[in-house]
$ cat query.txt   # compact mmCIF, C-alpha atoms
# COMPACT_ATOMS: atom_id res chain seq x y z
CA MET K 1 -28.16 -47.03 -76.82
CA LYS K 2 -24.52 -46.45 -77.76
CA LYS K 3 -25.00 -42.67 -77.97
CA PHE K 4 -26.63 -42.67 -74.52
CA LYS K 5 -23.69 -44.57 -73.02
CA GLU K 6 -21.23 -42.15 -74.60
CA ALA K 7 -23.18 -39.16 -73.30
CA HIS K 8 -23.39 -40.72 -69.84
CA MET K 9 -19.62 -41.32 -69.81
CA LYS K 10 -18.97 -37.73 -70.93
CA LEU K 11 -21.14 -36.42 -68.08
CA ALA K 12 -19.26 -38.55 -65.55
CA LEU K 13 -15.95 -37.15 -66.81
CA GLU K 14 -17.25 -33.58 -66.54
CA LEU K 15 -18.41 -34.20 -62.95
CA ARG K 16 -15.03 -35.69 -62.05
CA SER K 17 -13.24 -32.74 -63.67
CA LEU K 18 -15.39 -30.28 -61.74
CA SER K 19 -14.63 -32.09 -58.48
CA GLU K 20 -10.90 -31.89 -59.17
CA GLN K 21 -11.15 -28.16 -59.98
CA VAL K 22 -12.95 -27.54 -56.68
CA LYS K 23 -10.29 -29.45 -54.73
CA ALA K 24 -7.49 -27.58 -56.54
CA GLY K 25 -9.20 -24.22 -55.96
CA THR K 26 -9.05 -23.30 -59.65
CA ILE K 27 -12.77 -22.44 -59.87
CA LYS K 28 -14.88 -20.03 -57.87
CA ALA K 29 -17.46 -21.51 -55.50
CA ALA K 30 -20.32 -19.66 -57.24
CA ASP K 31 -19.20 -20.88 -60.67
CA ALA K 32 -18.81 -24.43 -59.37
CA LYS K 33 -22.31 -24.37 -57.89
CA LYS K 34 -23.80 -23.13 -61.16
CA LYS K 35 -21.88 -25.73 -63.20
CA LEU K 36 -22.92 -28.54 -60.83
CA ALA K 37 -26.60 -27.57 -61.12
CA GLU K 38 -26.28 -27.57 -64.93
CA LEU K 39 -24.64 -31.03 -64.96
CA ARG K 40 -27.31 -32.45 -62.63
CA THR K 41 -30.07 -31.16 -64.90
CA ARG K 42 -28.37 -32.72 -67.94
CA LYS K 43 -27.94 -36.00 -66.04
CA LEU K 44 -31.64 -36.14 -65.09
CA GLU K 45 -32.68 -35.41 -68.69
CA LEU K 46 -30.30 -38.08 -70.03
CA GLU K 47 -31.60 -40.71 -67.60
CA ARG K 48 -35.16 -39.83 -68.59
CA GLN K 49 -34.29 -40.31 -72.28
CA ILE K 50 -32.66 -43.67 -71.51
CA ALA K 51 -35.79 -44.80 -69.64
CA LEU K 52 -37.99 -43.80 -72.58
CA ALA K 53 -35.67 -45.61 -75.02
CA ASN K 54 -36.01 -48.82 -72.97
CA LYS K 55 -39.81 -48.62 -73.00
CA PRO K 56 -41.47 -51.49 -74.96
CA SER K 57 -42.33 -50.31 -78.48
CA ASN K 58 -45.80 -51.84 -78.43
CA PRO K 59 -46.87 -52.42 -74.82
CA LYS K 60 -50.47 -53.07 -75.74
CA GLU K 61 -49.50 -55.99 -77.96
CA ILE K 62 -47.28 -57.52 -75.25
CA ARG K 63 -49.84 -57.21 -72.47
CA SER K 64 -53.10 -57.92 -74.27
CA PRO K 65 -54.74 -61.33 -73.65
CA GLY K 66 -54.74 -63.74 -76.64
CA THR K 67 -57.70 -63.93 -78.98
CA SER K 68 -58.40 -67.58 -78.17
CA GLU K 69 -58.44 -66.86 -74.44
CA LEU K 70 -60.83 -63.95 -74.98
CA SER K 71 -63.17 -66.09 -77.16
CA LYS K 72 -63.14 -68.86 -74.56
CA ALA K 73 -63.97 -66.37 -71.79
CA LEU K 74 -66.91 -65.01 -73.77
CA ARG K 75 -68.31 -68.52 -74.36
CA GLU K 76 -67.98 -69.36 -70.67
CA LYS K 77 -69.23 -65.91 -69.65
CA ARG K 78 -66.19 -65.38 -67.45
CA ALA K 79 -64.85 -61.93 -66.56
CA ILE K 80 -61.37 -60.96 -67.71
CA THR K 81 -59.61 -58.21 -65.76
CA LEU K 82 -56.30 -56.49 -66.44
CA ASN K 83 -54.89 -57.17 -62.95
CA GLY K 84 -52.33 -54.41 -63.31
CA THR K 85 -51.19 -55.40 -66.80
CA GLY K 86 -52.82 -52.51 -68.65
CA ALA K 87 -50.72 -50.15 -70.71
CA ILE K 88 -50.15 -46.70 -69.21
CA ASN K 89 -49.75 -43.50 -71.22
CA GLN K 90 -47.86 -40.94 -69.14
CA VAL K 91 -48.33 -37.44 -70.58
CA GLN K 92 -45.06 -35.51 -70.66
CA GLU K 93 -46.59 -32.03 -70.43
CA LEU K 94 -47.43 -30.40 -67.11
CA ALA K 95 -51.07 -29.30 -66.84
CA LYS K 96 -51.70 -26.34 -64.54
CA GLN K 97 -54.81 -25.13 -62.73
CA LEU K 98 -56.27 -21.92 -64.13
CA GLN K 99 -55.55 -18.76 -62.16
CA ALA K 100 -57.03 -15.28 -62.29
CA LYS K 101 -55.53 -12.94 -64.87
CA THR K 102 -53.38 -10.03 -63.71
CA PRO K 103 -54.37 -7.15 -66.04
CA VAL K 104 -53.23 -4.34 -63.71
CA LEU K 105 -49.69 -5.68 -63.28
CA LYS K 106 -48.51 -4.76 -66.77
CA LEU K 107 -49.86 -1.18 -66.63
CA VAL K 108 -48.27 0.23 -63.46
CA LYS K 109 -44.90 2.01 -63.33
CA TYR K 110 -41.77 0.01 -62.43
CA PHE K 111 -38.51 1.22 -60.90
CA TYR K 112 -35.78 -1.38 -61.48
CA GLY K 113 -32.40 -1.82 -59.85
CA PRO K 114 -30.66 -3.41 -56.83
CA ASN K 115 -31.49 -0.44 -54.58
CA ALA K 116 -32.28 -0.55 -50.87
CA SER K 117 -35.00 2.04 -51.59
CA THR K 118 -36.27 4.26 -54.40
CA ASN K 119 -37.15 7.92 -53.81
CA ILE K 120 -39.68 9.42 -56.23
CA PRO K 121 -39.80 13.26 -56.30
CA ILE K 122 -43.38 14.57 -56.19
CA LEU K 123 -44.74 18.07 -56.77
CA SER K 124 -47.94 18.12 -54.72
CA PRO K 125 -49.70 20.44 -54.58
CA SER K 126 -48.63 22.23 -57.74
CA ILE K 127 -48.18 25.99 -58.03
CA ALA K 128 -51.22 28.20 -57.70
CA THR K 129 -53.00 29.66 -60.71
CA PRO K 130 -51.05 32.67 -62.04
CA GLY K 131 -52.52 36.15 -61.50
CA ASN K 132 -52.32 39.20 -63.75
CA TYR K 133 -50.45 42.35 -62.81
CA ALA K 134 -50.01 45.88 -64.13
CA GLU K 135 -46.93 46.88 -66.10
CA GLY K 136 -43.91 47.49 -63.90
CA GLU K 137 -45.43 45.78 -60.84
CA THR K 138 -42.75 45.29 -58.13
CA ALA K 139 -44.73 43.54 -55.42
CA ILE K 140 -45.57 40.20 -57.04
CA PRO K 141 -45.80 37.59 -54.25
CA ALA K 142 -43.88 34.31 -54.44
CA ASP K 143 -45.87 31.11 -54.73
CA THR K 144 -46.47 29.49 -51.33
CA GLN K 145 -48.59 26.56 -52.47
CA ALA K 146 -46.17 24.28 -54.36
CA GLN K 147 -44.40 21.60 -52.33
CA MET K 148 -41.70 19.13 -53.38
CA VAL K 149 -41.66 15.87 -51.44
CA ASN K 150 -40.35 12.30 -51.87
CA LYS K 151 -42.31 9.07 -52.04
CA THR K 152 -40.06 6.22 -50.88
CA ILE K 153 -40.47 2.60 -52.01
CA THR K 154 -38.52 0.10 -49.91
CA PRO K 155 -38.29 -3.39 -51.47
CA TYR K 156 -38.66 -6.41 -49.18
CA ALA K 157 -37.85 -10.06 -49.80
CA TYR K 158 -40.72 -12.21 -51.10
CA ILE K 159 -39.88 -15.91 -50.83
CA SER K 160 -41.57 -19.11 -51.99
CA LEU K 161 -40.20 -22.51 -50.91
CA LEU K 162 -41.28 -25.56 -52.92
CA PRO K 163 -40.20 -29.09 -51.84
CA ILE K 164 -39.93 -31.68 -54.63
CA SER K 165 -39.22 -35.35 -53.92
CA ALA K 166 -36.23 -37.18 -55.35
CA GLU K 167 -38.63 -39.52 -57.16
CA ALA K 168 -40.41 -36.60 -58.88
CA LEU K 169 -37.08 -35.14 -59.98
CA LEU K 170 -35.47 -38.37 -61.14
CA LEU K 171 -38.30 -40.69 -62.12
CA GLY K 172 -41.00 -38.29 -63.27
CA SER K 173 -42.06 -38.17 -66.90
CA ILE K 174 -41.49 -34.40 -67.11
CA ASN K 175 -38.48 -32.22 -66.41
CA ILE K 176 -40.03 -30.45 -63.42
CA GLU K 177 -37.04 -28.14 -62.97
CA SER K 178 -37.59 -26.57 -66.39
CA GLU K 179 -41.19 -25.75 -65.36
CA LEU K 180 -40.21 -23.96 -62.13
CA PRO K 181 -39.52 -20.47 -63.57
CA VAL K 182 -43.05 -20.28 -65.00
CA ILE K 183 -44.62 -21.79 -61.85
CA PHE K 184 -42.89 -19.29 -59.56
CA SER K 185 -43.49 -16.35 -61.93
CA ASP K 186 -47.23 -17.03 -61.92
CA ALA K 187 -47.25 -17.23 -58.12
CA PHE K 188 -45.36 -13.95 -57.67
CA ALA K 189 -47.57 -12.24 -60.26
CA GLN K 190 -50.72 -13.24 -58.37
CA GLY K 191 -49.30 -11.94 -55.09
CA TYR K 192 -48.12 -8.62 -56.49
CA HIS K 193 -51.35 -8.04 -58.43
CA ASN K 194 -53.43 -8.53 -55.29
CA GLY K 195 -51.03 -6.29 -53.35
CA ILE K 196 -51.45 -3.47 -55.89
CA LEU K 197 -55.22 -3.57 -55.45
CA THR K 198 -55.89 -4.49 -51.82
CA GLY K 199 -52.58 -4.50 -49.91
CA ASN K 200 -52.97 -2.92 -46.47
CA GLY K 201 -49.58 -1.15 -46.56
CA THR K 202 -48.66 -2.25 -43.03
CA GLY K 203 -45.37 -3.90 -42.17
CA ARG K 204 -43.75 -5.12 -45.39
CA ASN K 205 -46.97 -5.33 -47.42
CA PHE K 206 -47.78 -3.49 -50.63
CA LYS K 207 -49.99 -0.42 -50.20
CA GLY K 208 -53.06 -1.12 -52.31
CA ILE K 209 -55.13 1.34 -54.34
CA PHE K 210 -58.53 0.48 -52.83
CA PRO K 211 -57.54 0.98 -49.15
CA SER K 212 -55.61 4.17 -50.02
CA ILE K 213 -58.52 6.30 -51.31
CA ILE K 214 -58.55 9.44 -49.17
CA THR K 215 -61.86 10.70 -47.77
CA ALA K 216 -61.91 13.81 -49.97
CA ASN K 217 -61.63 11.63 -53.11
CA LYS K 218 -64.53 9.30 -52.34
CA VAL K 219 -67.44 9.69 -54.76
CA GLU K 220 -70.41 8.59 -52.67
CA CYS K 221 -73.29 6.61 -54.14
CA ALA K 222 -76.59 8.46 -54.31
CA ALA K 223 -78.44 5.81 -52.30
CA ALA K 224 -77.67 2.97 -49.92
CA GLY K 225 -77.23 -0.56 -51.22
CA THR K 226 -76.04 -1.72 -54.61
CA PRO K 227 -74.36 1.01 -56.73
CA LYS K 228 -76.37 2.19 -59.71
CA MET K 229 -75.21 3.05 -63.23
CA ALA K 230 -75.54 6.76 -62.43
CA ASP K 231 -73.02 6.36 -59.59
CA LEU K 232 -70.47 4.78 -61.91
CA VAL K 233 -71.02 7.56 -64.45
CA ARG K 234 -70.25 10.19 -61.77
CA LEU K 235 -66.98 8.40 -60.93
CA ALA K 236 -66.06 8.27 -64.63
CA MET K 237 -66.84 11.95 -65.14
CA THR K 238 -64.79 12.90 -62.06
CA ILE K 239 -61.60 11.26 -63.35
CA GLN K 240 -62.32 12.12 -67.00
CA ASP K 241 -62.04 15.77 -66.05
CA MET K 242 -58.51 15.12 -64.70
CA THR K 243 -56.78 12.99 -67.36
CA ASP K 244 -57.33 11.17 -70.65
CA GLU K 245 -55.33 8.14 -69.45
CA ALA K 246 -57.57 7.02 -66.62
CA VAL K 247 -59.20 3.63 -66.04
CA ILE K 248 -61.83 2.33 -63.64
CA ILE K 249 -61.06 -0.92 -61.81
CA MET K 250 -63.75 -3.09 -60.25
CA ASN K 251 -64.67 -6.66 -59.41
CA PRO K 252 -66.73 -8.58 -62.02
CA GLY K 253 -69.32 -9.26 -59.30
CA VAL K 254 -69.79 -5.53 -58.63
CA TYR K 255 -69.92 -4.90 -62.39
CA ALA K 256 -72.68 -7.51 -62.74
CA GLN K 257 -74.72 -5.85 -59.98
CA ILE K 258 -74.40 -2.45 -61.63
CA MET K 259 -75.39 -3.93 -64.99
CA ALA K 260 -78.51 -5.33 -63.29
CA ASP K 261 -79.65 -1.77 -62.49
CA PRO K 262 -83.33 -1.75 -63.58
CA THR K 263 -83.26 1.99 -64.39
CA GLU K 264 -84.27 2.50 -68.02
CA GLY K 265 -83.43 5.22 -70.50
CA VAL K 266 -79.94 6.75 -70.43
CA ALA K 267 -78.69 3.93 -68.16
CA ASP K 268 -79.35 1.46 -70.98
CA LEU K 269 -77.07 3.44 -73.31
CA TYR K 270 -74.24 3.29 -70.78
CA LYS K 271 -74.80 -0.45 -70.33
CA GLU K 272 -74.50 -1.00 -74.06
CA ALA K 273 -71.20 0.95 -74.19
CA LEU K 274 -69.86 -0.99 -71.22
CA ILE K 275 -70.75 -4.35 -72.73
CA ARG K 276 -69.40 -3.51 -76.17
CA ASP K 277 -66.29 -1.41 -75.43
CA LYS K 278 -65.69 -1.77 -71.67
CA GLU K 279 -65.73 2.04 -71.51
CA ILE K 280 -67.87 4.62 -69.81
CA GLU K 281 -67.63 8.29 -70.90
CA GLY K 282 -64.32 7.44 -72.60
CA VAL K 283 -62.81 5.93 -69.45
CA GLY K 284 -61.70 2.30 -69.82
CA VAL K 285 -63.03 -0.30 -67.37
CA ILE K 286 -60.84 -3.15 -66.09
CA LEU K 287 -62.57 -6.12 -64.48
CA THR K 288 -60.53 -8.29 -62.12
CA SER K 289 -61.33 -10.66 -59.28
CA GLY K 290 -58.43 -9.09 -57.38
CA ALA K 291 -60.63 -6.06 -56.65
CA PRO K 292 -62.94 -6.19 -53.59
CA GLY K 293 -66.23 -7.91 -54.39
CA SER K 294 -68.18 -7.23 -51.21
CA VAL K 295 -70.76 -4.43 -51.27
CA THR K 296 -71.14 -3.18 -47.70
CA ALA K 297 -71.90 0.25 -46.28
CA GLY K 298 -68.92 2.59 -46.56
CA SER K 299 -66.83 0.29 -48.78
CA VAL K 300 -64.95 1.39 -51.92
CA VAL K 301 -66.26 -0.79 -54.76
CA ALA K 302 -64.51 0.83 -57.74
CA VAL K 303 -61.42 3.01 -58.14
CA ALA K 304 -60.42 5.40 -60.91
CA GLY K 305 -57.06 6.86 -61.84
CA ARG K 306 -53.94 6.51 -64.01
CA LEU K 307 -52.13 3.24 -63.41
CA THR K 308 -48.83 5.02 -64.05
CA ASP K 309 -49.54 6.76 -60.72
CA TYR K 310 -48.82 3.46 -58.98
CA GLY K 311 -45.16 2.50 -58.54
CA ILE K 312 -43.44 -0.83 -57.93
CA GLY K 313 -39.81 -1.03 -56.88
CA LEU K 314 -38.07 -4.21 -58.10
CA ALA K 315 -34.60 -4.76 -56.67
CA SER K 316 -34.05 -8.10 -58.42
CA GLU K 317 -35.39 -10.66 -60.84
CA ILE K 318 -36.62 -14.02 -59.50
CA THR K 319 -33.72 -16.21 -58.34
CA ILE K 320 -34.32 -19.93 -57.79
CA ASP K 321 -31.91 -21.85 -55.54
CA PRO K 322 -32.02 -25.65 -55.01
CA ILE K 323 -31.43 -26.54 -51.35
CA LYS K 324 -30.60 -29.99 -49.97
CA LYS K 325 -30.89 -31.04 -46.31
CA ALA K 326 -29.04 -33.87 -44.58
CA GLY K 327 -31.36 -36.85 -44.07
CA ASP K 328 -34.05 -35.35 -46.32
CA SER K 329 -34.70 -36.84 -49.76
CA ASN K 330 -36.56 -33.72 -50.95
CA THR K 331 -34.93 -30.90 -52.86
CA TYR K 332 -36.22 -27.50 -51.73
CA PHE K 333 -36.42 -24.92 -54.50
CA GLN K 334 -36.38 -21.45 -52.97
CA ALA K 335 -37.53 -18.56 -55.17
CA THR K 336 -36.67 -15.05 -53.98
CA MET K 337 -37.61 -11.62 -55.28
CA PHE K 338 -37.31 -8.17 -53.69
CA ALA K 339 -40.23 -5.81 -54.33
CA ASN K 340 -42.72 -3.34 -52.91
CA GLY K 341 -45.46 -1.11 -54.28
CA THR K 342 -47.43 2.03 -53.40
CA PRO K 343 -49.61 4.72 -55.00
CA ILE K 344 -47.19 7.49 -55.96
CA ILE K 345 -49.71 10.28 -55.26
CA ASP K 346 -52.73 9.25 -53.17
CA LYS K 347 -54.68 12.34 -54.31
CA ASN K 348 -54.58 11.11 -57.92
CA TRP K 349 -56.92 8.21 -57.13
CA TYR K 350 -60.70 8.37 -56.71
CA GLY K 351 -63.08 5.73 -55.40
CA LEU K 352 -66.79 4.94 -55.61
CA ALA K 353 -67.98 4.47 -52.02
CA THR K 354 -71.28 2.89 -50.95
CA LYS K 355 -73.60 4.44 -48.39

$ encode --input "query.txt" --output "C-alpha cells"
Amino acid sequence: MKKFKEAHMKLALELRSLSEQVKAGTIKAADAKKKLAELRTRKLELERQIALANKPSNPKEIRSPGTSELSKALREKRAITLNGTGAINQVQELAKQLQAKTPVLKLVKYFYGPNASTNIPILSPSIATPGNYAEGETAIPADTQAQMVNKTITPYAYISLLPISAEALLLGSINIESELPVIFSDAFAQGYHNGILTGNGTGRNFKGIFPSIITANKVECAAAGTPKMADLVRLAMTIQDMTDEAVIIMNPGVYAQIMADPTEGVADLYKEALIRDKEIEGVGVILTSGAPGSVTAGSVVAVAGRLTDYGIGLASEITIDPIKKAGDSNTYFQATMFANGTPIIDKNWYGLATK
C-alpha cells in the first residue's frame, strides 16, 4: 500500500502544480486541458488498483458457511441461502456485441487532409478512337468528345455523443475511457460502410453505389422475380470486359436466392466456383449485409465495378472530447469526424436490376 500512497501523493502534487501554472498563465489552455485529462485518467486507474489491492484474498473462504452448520442443515433438511454473501467475480474485460463486417471500407479510395472540399479531376468521356489519314493530311479534325470535369467531395461533421456515469468511470472494474477509441471507431466504420453502399446522397449524406447506378448501366434480369445464375453471369461478363480489378457486391440473402436457382448444367459449374472461390468469370464477389437485401421489381440487387472508383474525403481523424455539465454527474464523450463519400465516376458502376 505504501507505493499506492506515494503515487497518490505525486498525482496530487502534479494537479496542484497544473492549477498554479493555469493561474500564472504559464501554460496554454489546450495544453492544460490535455494534461488535466491525462492526470484524471491516471487517478482513476490508481484508485481502481487500490480498490483491487484492498479486496479480500480469499472471499470464498471468508463468506462460506462452516462445515458443522452445513452438516446440521442437511440433517434437519433445512435450506441454506447465501442472502447476499456470495462471492462475486467481476470480469475486467469489456465484452462487445458482434457487428457486421465492413469489407468494402478498406478497398475504396481515400483523400486525406483538413480540406473544406476535395476536387477530383475526371476525364469523361475519354477521347474518341483515333482515325487513319493519308500522308501529308492537313485537315485532321480536333477531338470534340473528351471532357475534363471535377468531382467535388465536401466533408461534413459526423458526431457521436456517449454519456457515461460517474460511477461507471470511477467505480467500474474496467477502464472504460481506454475502450472508447475502439467503440467509436467501430460505430463510425459501420456508418461509413453503409453510406458507401446505400447512402441517398441528399443533404450531408454519403452518395451510395447502389442508388447511383445510372439507367444505361443497369443489366436487367431475363425474367421477373428472383435473379438467376445466368443474370449474375451477364453482370460479371459486362464488368469483366471493362477491367481486371472489378468486384461484385451483393447481400448474402440475395446470394442465397441465386444459389438456390434450380437450373442444372452450366449453372452448377458457376455455383461451385462461387462457393469455392467467391468468384464468377474471374470477378470477385463480396457478400455484405450492408447491401440491399430486398428483391422487388426494378430494384438493383448487385453492383459491379472497381472500388477505387469510389472516393471518401476525410478531413480529420476521430477526436474524442470529454464534456461536463453543471448539475449533471455524467461525463459526455463526444466523438467527431469530418467525412463524405461518392462514386468518382457514376458510369464506371453497373448494377443487376430485377424486372

$ closest_atom_pairs --input "query.txt" --of "range 97-195 of chain K" --to "range 205-217 of chain K" --cutoff "9 Å" --atoms "all atoms listed in the file" --output "JSON lines"
{"residue": "K:Tyr156", "atom": "CA", "partner": "K:Asn205", "partner_atom": "CA", "distance": 8.6}
{"residue": "K:Tyr192", "atom": "CA", "partner": "K:Phe206", "partner_atom": "CA", "distance": 7.8}
{"residue": "K:Asn194", "atom": "CA", "partner": "K:Gly208", "partner_atom": "CA", "distance": 8.0}
{"residue": "K:Gly195", "atom": "CA", "partner": "K:Phe206", "partner_atom": "CA", "distance": 5.1}

$ closest_residue --input "query.txt" --among "K:Ala128, K:Ala95, K:Asn115, K:Glu177" --to "Thr41 in chain K" --atoms "all atoms listed in the file"
K:Glu177

$ closest_residue --input "query.txt" --among "K:Val300, K:Ile320, K:Ser124, K:Gly131" --to "Met337 in chain K" --atoms "only C-alpha atoms"
K:Ile320

$ closest_residue --input "query.txt" --among "K:Gly25, K:Gly172, K:Pro181, K:Pro262" --to "Glu317 in chain K" --atoms "only C-alpha atoms"
K:Pro181

$ closest_atom_pairs --input "query.txt" --of "range 154-272 of chain K" --to "range 327-330 of chain K" --cutoff "8 Å" --atoms "all atoms listed in the file" --output "Markdown table"
| residue | atom | partner | partner_atom | distance |
| --- | --- | --- | --- | --- |
| K:Pro163 | CA | K:Asn330 | CA | 6.0 |
| K:Ile164 | CA | K:Asn330 | CA | 5.4 |
| K:Ser165 | CA | K:Asn330 | CA | 4.3 |
| K:Ala166 | CA | K:Asn330 | CA | 5.6 |

$ residues_around --input "query.txt" --residues "Thr243 in chain K" --least-positions-apart "2" --cutoff "10 Å" --atoms "only C-alpha atoms" --output "ChimeraX atom specification"
/K:238-241,245-247,283,305-306,348

$ closest_residue --input "query.txt" --among "K:Pro103, K:Ser126, K:Ser160, K:Ile50" --to "Tyr332 in chain K" --atoms "all atoms listed in the file"
K:Ser160

$ residues_around --input "query.txt" --residues "range 279-282 of chain K" --least-positions-apart "2" --cutoff "9 Å" --atoms "all atoms listed in the file" --output "PyMOL selection string"
chain K and resi 232-233+236-237+240+244+247-248+270-271+273-277+284-286

$ residues_around --input "query.txt" --residues "Asp231 in chain K" --least-positions-apart "4" --cutoff "9 Å" --atoms "all atoms listed in the file" --output "list in words"
Val219, Glu220, Cys221, Ala222, Pro227, Leu235, Ala236 and Leu352 of chain K

$ closest_residue --input "query.txt" --among "K:Thr319, K:Thr129, K:Thr331, K:Thr102" --to "Ile196 in chain K" --atoms "only C-alpha atoms"
K:Thr102

$ atom_distance --input "query.txt" --atom1 "CA of Arg42 in chain K" --atom2 "CA of Ile159 in chain K"
26.6 Å

$ closest_residue --input "query.txt" --among "K:Met242, K:Ala157, K:Met229, K:Leu94" --to "Gly265 in chain K" --atoms "all atoms listed in the file"
K:Met229

$ atom_distance --input "query.txt" --atom1 "CA of Gly341 in chain K" --atom2 "CA of Ile153 in chain K"
6.6 Å

$ atom_distance --input "query.txt" --atom1 "CA of Gly201 in chain K" --atom2 "CA of Asp186 in chain K"
22.2 Å
